[in-house]
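Below you'll find the structure, written out as structure tokens, and then a few comments.
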Amino acid sequence: MELKQIVLERYATKKFDGKTIEQKKVDELLDIIRLAPSSWNLQPWKIKIVTDSKLKEKLRAASWNQEQITTCSHLFIFCANKDIDAQITALKKLMLSTKVPEQTVKEYEDVVRGSFKNLSEEKKIAWAQRQVYIALENALLGAKASGFDSCPMEGFDAEAYAKILNLPENLVPTVVCPIGFAADKPKQKTRFAAKDVFF
Ligand SMILES: Cc1cc2nc3c(=O)[nH]c(=O)nc-3n(C[C@H](O)[C@H](O)[C@H](O)COP(=O)(O)O)c2cc1C
């Protein structure tokens, strides 16, 4: 499918048919998500994948009872990683292991650590969450390109999710994305005209 067709056909699915997506397809989607760009390439995200029905039921109760949560095949919970220092250290290790010259890595580390040094925790979280939304868009378009459907969702209680999933303190549930096969129909796209958007 061409990108324009994918963009036109993707829609926020309100109900899935409960069928499970084959693992090979899910794995392809994970790669599409993983390859998303991010500021400084820090990839400050962790994505929890839930397929267990009982766990989905608990999460649905913390998601305004929205039925996408329990009818989907896989539920992706996109978390922002607010421990940016640890993320820089991990990326530094990765760069060195992929033979990036030591001097380049050192210069990179100095600049990046410096840029976060005086940021409040609130700003660090906001920064990490912005990156998470880029990965989310890859998930939304990637799902449609792979032949299934999705729904971006902010209608959930992040604190309750963190408790139910027993998440480590550094992970902030930011947006969730159920994927599966739609059991509803898309509504018309209501979008502002180009003249009202671009200037
Ligand atoms: C960040 C974000 C959060 C959203 N949260 C929800 C949600 O909790 N539940 C829901 O049914 N739709 C949710 N939506 C879907 C939007 O309502 C939908 O994308 C918008 O109305 C445009 O419709 P379309 O995606 O079908 O083209 C969300 C969309 C985005 C981008």
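Residue numbering restarts at 1 for every chain of the structure tokens, chains are lettered A, B, ... in their displayed order, and ligands are numbered from 1 as they appear.
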Using only C-alpha atoms, which residues sit within 12 Å of A:Asp27 once same-chain residues fewer than 3 positions away are excluded, as a list in words?
Ile21, Glu22, Gln23, Lys24, Leu30, Asp31, Ile32, Ile33, Arg34, Ile49, His74, Ala139, Gly142, Ala143 and Ser146 of chain A
Once you count only C-alpha atoms and all ligand atoms, which residues end up within 6 Å of ligand 1, and could you hand them over as a PyMOL selection string?
chain A and resi 11-12+14+152-155+189
Students should find that atom CA of A:Leu171 and atom CA of A:Asn81 are spaced 4.8 Å
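Taking atom CA of A:Asn118 and atom CA of A:Ile84 as the two end points, the separation is 12.4 Å.
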Residue set, stretch 15-180 of chain A restricted to alpha helix (DSSP H), as a ChimeraX atom specification:
/A:23-34,53-61,68-71,84-97,102-116,121-145,158-164
Give me the residues within 12 Å of A:Ala128 as a PDB file with C-alpha atoms, in the first residue's frame, counting only C-alpha atoms and dropping any in the same chain fewer than 6 places off.
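Saved result, part_28.pdb, follows:
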ATOM      1  CA  SER A  38      14.167  10.674  18.346  1.00  0.00           C
ATOM      2  CA  SER A  39      15.961  13.782  19.531  1.00  0.00           C
ATOM      3  CA  TRP A  40      19.666  12.997  20.101  1.00  0.00           C
ATOM      4  CA  ASN A  41      18.698   9.442  19.048  1.00  0.00           C
ATOM      5  CA  LEU A  42      18.086   8.747  22.732  1.00  0.00           C
ATOM      6  CA  GLN A  43      14.988   6.608  22.148  1.00  0.00           C
ATOM      7  CA  PRO A  44      13.581   7.366  25.602  1.00  0.00           C
ATOM      8  CA  TRP A  45      10.766   4.825  25.353  1.00  0.00           C
ATOM      9  CA  LYS A  46       9.832   1.404  26.634  1.00  0.00           C
ATOM     10  CA  PHE A  78       4.032   3.416  25.337  1.00  0.00           C
ATOM     11  CA  CYS A  79       6.043   4.607  28.328  1.00  0.00           C
ATOM     12  CA  ALA A  80       8.434   7.543  28.452  1.00  0.00           C
ATOM     13  CA  ASN A  81      11.725   6.762  30.155  1.00  0.00           C
ATOM     14  CA  LYS A  82      12.487   9.749  32.358  1.00  0.00           C
ATOM     15  CA  ASP A  83      15.891   8.420  33.438  1.00  0.00           C
ATOM     16  CA  ILE A  84      17.721  10.269  30.694  1.00  0.00           C
ATOM     17  CA  GLN A  87      19.582   6.263  28.638  1.00  0.00           C
ATOM     18  CA  PHE A 116      19.834  18.009  29.956  1.00  0.00           C
ATOM     19  CA  GLU A 121      12.236  16.494  36.043  1.00  0.00           C
ATOM     20  CA  GLU A 122       8.975  17.852  34.636  1.00  0.00           C
ATOM     21  CA  ILE A 134       6.875   9.820  17.216  1.00  0.00           C
ATOM     22  CA  ALA A 135       7.191   6.094  17.930  1.00  0.00           C
ATOM     23  CA  ASN A 170      11.469   5.692  35.693  1.00  0.00           C
ATOM     24  CA  LEU A 171       8.715   4.674  33.260  1.00  0.00           C
ATOM     25  CA  VAL A 172       5.782   7.039  32.686  1.00  0.00           C
ATOM     26  CA  PRO A 173       2.812   5.522  30.820  1.00  0.00           C
ATOM     27  CA  THR A 174       2.135   8.118  28.133  1.00  0.00           C
TER      28      THR A 174
END
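Every residue of stretch 35-189 of chain A with a DSSP assignment of strand (DSSP E), taken from the backbone, is listed as Trp45, Lys46, Ile47, Lys48, Ile49, Val50, His74, Leu75, Phe76, Ile77, Phe78, Cys79, Ala80, Asn81, Asp149, Ser150, Leu171, Val172, Pro173, Thr174, Val175, Val176, Cys177, Pro178, Ile179 and Gly180 of chain A.
For the pair atom CA of A:Glu109 and atom CA of A:Ile125, the separation is 19.6 Å.
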